[in-house]
file target_15.pdb (PDB, C-alpha atoms and all ligand atoms)
ATOM      1  CA  MET A   1      15.187 -15.672  -9.231
ATOM      2  CA  ALA A   2      13.484 -12.533  -7.927
ATOM      3  CA  ASP A   3      11.832 -10.106 -10.328
ATOM      4  CA  LYS A   4      13.472  -6.818 -11.268
ATOM      5  CA  GLN A   5      10.764  -4.204 -10.785
ATOM      6  CA  LYS A   6      10.334  -0.447 -11.050
ATOM      7  CA  THR A   7       8.539   1.592  -8.403
ATOM      8  CA  LEU A   8       7.438   5.212  -8.017
ATOM      9  CA  VAL A   9       8.608   7.374  -5.126
ATOM     10  CA  LEU A  10       7.626  10.956  -4.302
ATOM     11  CA  LEU A  11       9.513  13.001  -1.703
ATOM     12  CA  LYS A  12       6.840  15.153  -0.098
ATOM     13  CA  PRO A  13       7.054  18.901   0.732
ATOM     14  CA  ASP A  14       8.209  18.196   4.310
ATOM     15  CA  ALA A  15      11.270  16.340   2.972
ATOM     16  CA  LEU A  16      12.171  19.356   0.838
ATOM     17  CA  GLN A  17      11.494  21.885   3.627
ATOM     18  CA  ARG A  18      13.453  19.893   6.203
ATOM     19  CA  ASP A  19      16.483  19.327   3.936
ATOM     20  CA  LEU A  20      16.060  15.569   4.059
ATOM     21  CA  LEU A  21      16.235  14.904   0.296
ATOM     22  CA  GLY A  22      19.857  13.737   0.448
ATOM     23  CA  GLU A  23      19.316  11.595   3.535
ATOM     24  CA  ILE A  24      16.389   9.785   1.906
ATOM     25  CA  VAL A  25      18.022   9.445  -1.506
ATOM     26  CA  GLY A  26      21.158   8.142   0.244
ATOM     27  CA  ARG A  27      19.238   5.335   1.924
ATOM     28  CA  PHE A  28      17.965   4.102  -1.441
ATOM     29  CA  GLU A  29      21.433   4.470  -2.985
ATOM     30  CA  ARG A  30      23.029   2.446  -0.203
ATOM     31  CA  LYS A  31      20.465  -0.332  -0.678
ATOM     32  CA  GLY A  32      21.605  -0.606  -4.292
ATOM     33  CA  LEU A  33      18.396   0.576  -5.922
ATOM     34  CA  LYS A  34      19.014   2.051  -9.353
ATOM     35  CA  PHE A  35      17.649   5.557 -10.012
ATOM     36  CA  VAL A  36      16.169   5.348 -13.512
ATOM     37  CA  ALA A  37      14.225   8.653 -13.397
ATOM     38  CA  MET A  38      14.143  11.751 -11.188
ATOM     39  CA  LYS A  39      12.598  15.235 -11.431
ATOM     40  CA  PHE A  40      10.744  18.026  -9.615
ATOM     41  CA  ILE A  41       6.969  17.857 -10.041
ATOM     42  CA  ARG A  42       4.457  20.563  -9.163
ATOM     43  CA  LEU A  43       1.401  18.462  -8.268
ATOM     44  CA  SER A  44      -1.980  19.725  -9.486
ATOM     45  CA  ASP A  45      -5.355  19.297  -7.837
ATOM     46  CA  GLU A  46      -6.320  16.869 -10.646
ATOM     47  CA  MET A  47      -3.164  14.777 -10.210
ATOM     48  CA  LEU A  48      -3.839  14.504  -6.486
ATOM     49  CA  ASP A  49      -7.497  13.583  -7.027
ATOM     50  CA  GLU A  50      -6.220  10.614  -9.040
ATOM     51  CA  HIS A  51      -3.224   9.773  -6.885
ATOM     52  CA  TYR A  52      -5.158   9.811  -3.613
ATOM     53  CA  ALA A  53      -8.539   8.673  -5.026
ATOM     54  CA  HIS A  54      -8.719   5.956  -2.351
ATOM     55  CA  LEU A  55      -8.830   8.704   0.298
ATOM     56  CA  SER A  56     -11.342  11.057  -1.376
ATOM     57  CA  ASP A  57     -14.058  10.457   1.237
ATOM     58  CA  LYS A  58     -11.757  11.063   4.213
ATOM     59  CA  PRO A  59     -12.135  14.238   6.285
ATOM     60  CA  PHE A  60      -8.425  15.017   5.809
ATOM     61  CA  PHE A  61      -8.504  14.775   1.996
ATOM     62  CA  ALA A  62      -8.531  18.539   1.289
ATOM     63  CA  SER A  63      -5.759  19.287   3.788
ATOM     64  CA  LEU A  64      -3.691  16.358   2.478
ATOM     65  CA  LYS A  65      -3.919  17.794  -1.042
ATOM     66  CA  ALA A  66      -3.057  21.298   0.187
ATOM     67  CA  PHE A  67      -0.007  19.891   1.981
ATOM     68  CA  MET A  68       1.144  18.042  -1.143
ATOM     69  CA  MET A  69       0.915  21.278  -3.162
ATOM     70  CA  GLN A  70       2.927  23.448  -0.743
ATOM     71  CA  THR A  71       6.151  22.962  -2.706
ATOM     72  CA  PRO A  72       7.210  20.842  -5.686
ATOM     73  CA  VAL A  73       7.753  17.188  -4.851
ATOM     74  CA  VAL A  74      10.710  15.113  -6.037
ATOM     75  CA  GLY A  75       9.513  12.219  -8.167
ATOM     76  CA  MET A  76      11.714   9.244  -8.916
ATOM     77  CA  VAL A  77      11.573   5.774 -10.383
ATOM     78  CA  LEU A  78      13.717   3.178  -8.634
ATOM     79  CA  GLU A  79      14.638  -0.223 -10.024
ATOM     80  CA  GLY A  80      15.783  -3.375  -8.275
ATOM     81  CA  TYR A  81      14.840  -6.891  -7.242
ATOM     82  CA  ASP A  82      11.369  -6.794  -5.652
ATOM     83  CA  ALA A  83      11.759  -3.007  -5.708
ATOM     84  CA  ILE A  84       8.095  -2.353  -4.863
ATOM     85  CA  SER A  85       8.046  -4.264  -1.565
ATOM     86  CA  GLU A  86      11.683  -3.494  -0.725
ATOM     87  CA  VAL A  87      11.111   0.257  -1.042
ATOM     88  CA  ARG A  88       7.919   0.054   1.049
ATOM     89  CA  LYS A  89       9.917  -1.830   3.690
ATOM     90  CA  ILE A  90      12.553   0.915   3.803
ATOM     91  CA  VAL A  91       9.819   3.620   3.872
ATOM     92  CA  GLY A  92       7.850   2.080   6.785
ATOM     93  CA  SER A  93       4.194   2.217   7.827
ATOM     94  CA  THR A  94       1.965   5.199   7.044
ATOM     95  CA  ASN A  95       1.860   6.387  10.667
ATOM     96  CA  PRO A  96       5.473   7.211  11.586
ATOM     97  CA  ARG A  97       4.830   6.344  15.228
ATOM     98  CA  GLU A  98       3.775   2.831  14.258
ATOM     99  CA  ALA A  99       6.571   2.361  11.726
ATOM    100  CA  ASP A 100       9.494   0.086  12.593
ATOM    101  CA  ALA A 101      12.683   1.751  13.810
ATOM    102  CA  GLY A 102      15.200   1.925  11.003
ATOM    103  CA  THR A 103      12.615   2.966   8.426
ATOM    104  CA  ILE A 104      12.563   6.429   6.863
ATOM    105  CA  ARG A 105       9.222   7.363   8.408
ATOM    106  CA  ALA A 106      10.056   6.075  11.904
ATOM    107  CA  ASP A 107      13.539   7.549  12.003
ATOM    108  CA  LEU A 108      12.832  10.941  10.474
ATOM    109  CA  SER A 109       9.170  11.888  10.981
ATOM    110  CA  MET A 110       6.452  11.992  13.614
ATOM    111  CA  ASN A 111       2.989  12.438  12.160
ATOM    112  CA  VAL A 112       0.692  12.321   9.129
ATOM    113  CA  PRO A 113       0.306  13.769   6.573
ATOM    114  CA  SER A 114       3.957  14.886   6.844
ATOM    115  CA  ASN A 115       5.533  11.423   6.692
ATOM    116  CA  LEU A 116       8.087  12.537   4.087
ATOM    117  CA  ILE A 117       7.546  10.083   1.274
ATOM    118  CA  HIS A 118       5.163   8.204  -0.992
ATOM    119  CA  ALA A 119       5.975   4.800  -2.500
ATOM    120  CA  SER A 120       3.842   2.537  -4.704
ATOM    121  CA  ASP A 121       2.310  -0.365  -2.788
ATOM    122  CA  SER A 122       1.633  -2.980  -5.508
ATOM    123  CA  VAL A 123       2.632  -3.987  -9.028
ATOM    124  CA  GLU A 124      -0.567  -2.421 -10.396
ATOM    125  CA  ALA A 125      -0.052   0.817  -8.421
ATOM    126  CA  ALA A 126       3.582   1.101  -9.533
ATOM    127  CA  ASP A 127       2.579   0.706 -13.183
ATOM    128  CA  THR A 128      -0.192   3.317 -12.948
ATOM    129  CA  GLU A 129       1.801   5.750 -10.806
ATOM    130  CA  ILE A 130       4.955   5.649 -12.945
ATOM    131  CA  LYS A 131       2.792   6.456 -15.991
ATOM    132  CA  ARG A 132       0.968   9.197 -14.063
ATOM    133  CA  PHE A 133       4.160  11.139 -13.359
ATOM    134  CA  PHE A 134       6.721  10.152 -16.010
ATOM    135  CA  ARG A 135       6.778   9.961 -19.786
ATOM    136  CA  GLU A 136       8.479   6.915 -21.275
ATOM    137  CA  GLU A 137      11.449   8.951 -22.523
ATOM    138  CA  GLU A 138      12.096  10.263 -19.007
ATOM    139  CA  ILE A 139      12.879   6.755 -17.749
ATOM    140  CA  PHE A 140      16.428   5.626 -18.483
ATOM    141  CA  ASP A 141      17.931   2.214 -19.011
ATOM    142  CA  TYR A 142      21.687   2.341 -18.359
ATOM    143  CA  GLU A 143      24.508   0.173 -17.077
ATOM    144  CA  LYS A 144      26.405   0.901 -13.874
ATOM    145  CA  ILE A 145      29.783  -0.641 -13.184
ATOM    146  CA  THR A 146      28.427  -1.788  -9.805
ATOM    147  CA  ASP A 147      25.464  -3.655 -11.328
ATOM    148  CA  ARG A 148      27.147  -7.020 -11.160
ATOM    149  CA  TYR A 149      28.005  -6.640  -7.483
ATOM    150  CA  ILE A 150      24.559  -5.372  -6.519
ATOM    151  CA  PHE A 151      22.465  -7.604  -8.750
ATOM    152  CA  GLY A 152      24.824 -10.567  -8.562
ATOM    153  CA  GLU A 153      24.980 -11.074 -12.312
ATOM    154  CA  GLY A 154      28.118 -12.669 -13.688
ATOM    155  CA  ILE A 155      30.254 -12.403 -10.554
TER
HETATM  156  N1  LIG B 201      -2.728  10.322   5.467
HETATM  157  C1  LIG B 201      -3.172  11.232   6.412
HETATM  158  N2  LIG B 201      -3.995  10.782   7.431
HETATM  159  C2  LIG B 201      -4.353   9.483   7.534
HETATM  160  C3  LIG B 201      -3.916   8.567   6.557
HETATM  161  C4  LIG B 201      -3.100   9.020   5.535
HETATM  162  O1  LIG B 201      -2.844  12.417   6.349
HETATM  163  O2  LIG B 201      -5.092   9.115   8.483
HETATM  164  C5  LIG B 201      -1.822  10.787   4.383
HETATM  165  C6  LIG B 201      -0.371  10.388   4.621
HETATM  166  O3  LIG B 201       0.472  11.431   4.145
HETATM  167  C7  LIG B 201      -0.244   9.140   3.767
HETATM  168  C8  LIG B 201      -1.123   9.522   2.578
HETATM  169  O4  LIG B 201      -2.219  10.208   3.157
HETATM  170  O5  LIG B 201       1.097   8.864   3.435
HETATM  171  C9  LIG B 201      -1.619   8.345   1.749
HETATM  172  O6  LIG B 201      -2.265   7.413   2.571
HETATM  173  P1  LIG B 201      -2.092   5.856   2.348
HETATM  174  O7  LIG B 201      -3.094   5.180   3.230
HETATM  175  O8  LIG B 201      -2.099   5.529   0.896
HETATM  176  O9  LIG B 201      -0.652   5.572   3.007
HETATM  177  P2  LIG B 201       0.786   5.336   2.344
HETATM  178  O10 LIG B 201       0.587   4.452   1.141
HETATM  179  O11 LIG B 201       1.382   6.675   2.015
HETATM  180  O12 LIG B 201       1.566   4.639   3.431
HETATM  181 MG    MG B 202      -0.742   4.541  -0.403
END

call {"tool": "encode", "arguments": {"input": "target_15.pdb", "output": "structure tokens", "more": "lines below"}}
Ligand code: UDP
Ligand code: MG
result
Amino acid sequence: MADKQKTLVLLKPDALQRDLLGEIVGRFERKGLKFVAMKFIRLSDEMLDEHYAHLSDKPFFASLKAFMMQTPVVGMVLEGYDAISEVRKIVGSTNPREADAGTIRADLSMNVPSNLIHASDSVEAADTEIKRFFREEEIFDYEKITDRYIFGEGI
């Protein structure tokens, strides 16, 4: 049996500016991922230093941070079987022009840094990133009437 996992997603300023929030959210809804948290977040310089620490020595680091602070981002926690790798699969590769057709980045964007969306890339990253952006009481455990069809429990 696959593991039920939680993963962290951020919809970047280009998604907000281009009115693609609904399109992106809809793709995750149609997959059957459960939205267990969602809010606007105004990212700070300190948050971005942590979140993109692995890129701090890159020449584009300062402009990446400036881009991420242009507008609030939409943060969400999604739950499902193998949610971390499944969400990354739906998001596609970092460079939209190398991403597979059918993914969010390939279908809806063209370049970095404006590739619309961030998603955690490992169990460790998901754990750290969920805690970075959400307090425990902002993450909800609730039943949906479709759970048994989507998760296959008790059908
Ligand atoms: N990025 C960029 N130029 C690059 C590589 C990355 O502007 O050459 C930006 C891009 O927005 C990317 C983010 O930095 O999504 C984080 O990079 P990472 O390598 O972690 O890719 P991701 O996990 O987002 O696919
Ligand atoms: Mg990454």

call {"tool": "resolve_selection", "arguments": {"input": "target_15.pdb", "expression": "the PyMOL selection byres (((not hetatm)) within 6 of (chain B and resi 201))", "output": "ChimeraX atom specification"}}
result
/A:64,93-94,112-115,118

call {"tool": "closest_atom_pairs", "arguments": {"input": "target_15.pdb", "of": "chain A", "to": "ligand MG 202 (chain B)", "cutoff": "12 Å", "atoms": "only C-alpha atoms and all ligand atoms", "output": "JSON lines"}}
result
{"residue": "A:Leu8", "atom": "CA", "partner": "B:MG202", "partner_atom": "MG", "distance": 11.2}
{"residue": "A:Val9", "atom": "CA", "partner": "B:MG202", "partner_atom": "MG", "distance": 10.9}
{"residue": "A:Leu10", "atom": "CA", "partner": "B:MG202", "partner_atom": "MG", "distance": 11.2}
{"residue": "A:Glu50", "atom": "CA", "partner": "B:MG202", "partner_atom": "MG", "distance": 11.9}
{"residue": "A:His51", "atom": "CA", "partner": "B:MG202", "partner_atom": "MG", "distance": 8.7}
{"residue": "A:Tyr52", "atom": "CA", "partner": "B:MG202", "partner_atom": "MG", "distance": 7.6}
{"residue": "A:Ala53", "atom": "CA", "partner": "B:MG202", "partner_atom": "MG", "distance": 10.0}
{"residue": "A:His54", "atom": "CA", "partner": "B:MG202", "partner_atom": "MG", "distance": 8.3}
{"residue": "A:Leu55", "atom": "CA", "partner": "B:MG202", "partner_atom": "MG", "distance": 9.1}
{"residue": "A:Arg88", "atom": "CA", "partner": "B:MG202", "partner_atom": "MG", "distance": 9.9}
{"residue": "A:Val91", "atom": "CA", "partner": "B:MG202", "partner_atom": "MG", "distance": 11.4}
{"residue": "A:Gly92", "atom": "CA", "partner": "B:MG202", "partner_atom": "MG", "distance": 11.5}
{"residue": "A:Ser93", "atom": "CA", "partner": "B:MG202", "partner_atom": "MG", "distance": 9.9}
{"residue": "A:Thr94", "atom": "CA", "partner": "B:MG202", "partner_atom": "MG", "distance": 8.0}
{"residue": "A:Asn95", "atom": "CA", "partner": "B:MG202", "partner_atom": "MG", "distance": 11.5}
{"residue": "A:Pro113", "atom": "CA", "partner": "B:MG202", "partner_atom": "MG", "distance": 11.6}
{"residue": "A:Asn115", "atom": "CA", "partner": "B:MG202", "partner_atom": "MG", "distance": 11.7}
{"residue": "A:Ile117", "atom": "CA", "partner": "B:MG202", "partner_atom": "MG", "distance": 10.1}
{"residue": "A:His118", "atom": "CA", "partner": "B:MG202", "partner_atom": "MG", "distance": 7.0}
{"residue": "A:Ala119", "atom": "CA", "partner": "B:MG202", "partner_atom": "MG", "distance": 7.0}
{"residue": "A:Ser120", "atom": "CA", "partner": "B:MG202", "partner_atom": "MG", "distance": 6.6}
{"residue": "A:Asp121", "atom": "CA", "partner": "B:MG202", "partner_atom": "MG", "distance": 6.3}
{"residue": "A:Ser122", "atom": "CA", "partner": "B:MG202", "partner_atom": "MG", "distance": 9.4}
{"residue": "A:Ala125", "atom": "CA", "partner": "B:MG202", "partner_atom": "MG", "distance": 8.9}
{"residue": "A:Ala126", "atom": "CA", "partner": "B:MG202", "partner_atom": "MG", "distance": 10.7}
{"residue": "A:Glu129", "atom": "CA", "partner": "B:MG202", "partner_atom": "MG", "distance": 10.8}

call {"tool": "resolve_selection", "arguments": {"input": "target_15.pdb", "expression": "the PyMOL selection byres (((chain A and resi 68) around 9) and not hetatm)", "output": "VMD selection string"}}
result
chain A and resid 12 to 14 43 48 63 to 67 69 to 73 113

call {"tool": "write_last_selection", "arguments": {"input": "target_15.pdb", "atoms": "C-alpha atoms", "output": "compact mmCIF listing (two decimals), in the coordinates of the input"}}
result
# COMPACT_ATOMS: atom_id res chain seq x y z
CA LYS A 12 6.84 15.15 -0.10
CA PRO A 13 7.05 18.90 0.73
CA ASP A 14 8.21 18.20 4.31
CA LEU A 43 1.40 18.46 -8.27
CA LEU A 48 -3.84 14.50 -6.49
CA SER A 63 -5.76 19.29 3.79
CA LEU A 64 -3.69 16.36 2.48
CA LYS A 65 -3.92 17.79 -1.04
CA ALA A 66 -3.06 21.30 0.19
CA PHE A 67 -0.01 19.89 1.98
CA MET A 69 0.92 21.28 -3.16
CA GLN A 70 2.93 23.45 -0.74
CA THR A 71 6.15 22.96 -2.71
CA PRO A 72 7.21 20.84 -5.69
CA VAL A 73 7.75 17.19 -4.85
CA PRO A 113 0.31 13.77 6.57

call {"tool": "atom_distance", "arguments": {"input": "target_15.pdb", "atom1": "atom CA of A:Phe28", "atom2": "atom CA of A:Glu137"}}
result
22.6 Å

call {"tool": "atom_distance", "arguments": {"input": "target_15.pdb", "atom1": "atom CA of A:Thr7", "atom2": "atom CA of A:Leu33"}}
result
10.2 Å

call {"tool": "atom_distance", "arguments": {"input": "target_15.pdb", "atom1": "atom CA of A:Ala106", "atom2": "atom CA of A:Val74"}}
result
20.1 Å

call {"tool": "axis_aligned_box", "arguments": {"input": "target_15.pdb", "around": "stretch 132-146 of chain A", "padding_each_side": "5 Å", "output": "lines of an AutoDock Vina configuration file"}}
result
center_x = 15.4
center_y = 4.7
center_z = -16.2
size_x = 38.8
size_y = 22.9
size_z = 22.7

call {"tool": "closest_residue", "arguments": {"input": "target_15.pdb", "among": "A:Asp147, A:Glu153, A:Asp107, A:Asp100", "to": "A:Glu23", "atoms": "only C-alpha atoms"}}
result
A:Asp107
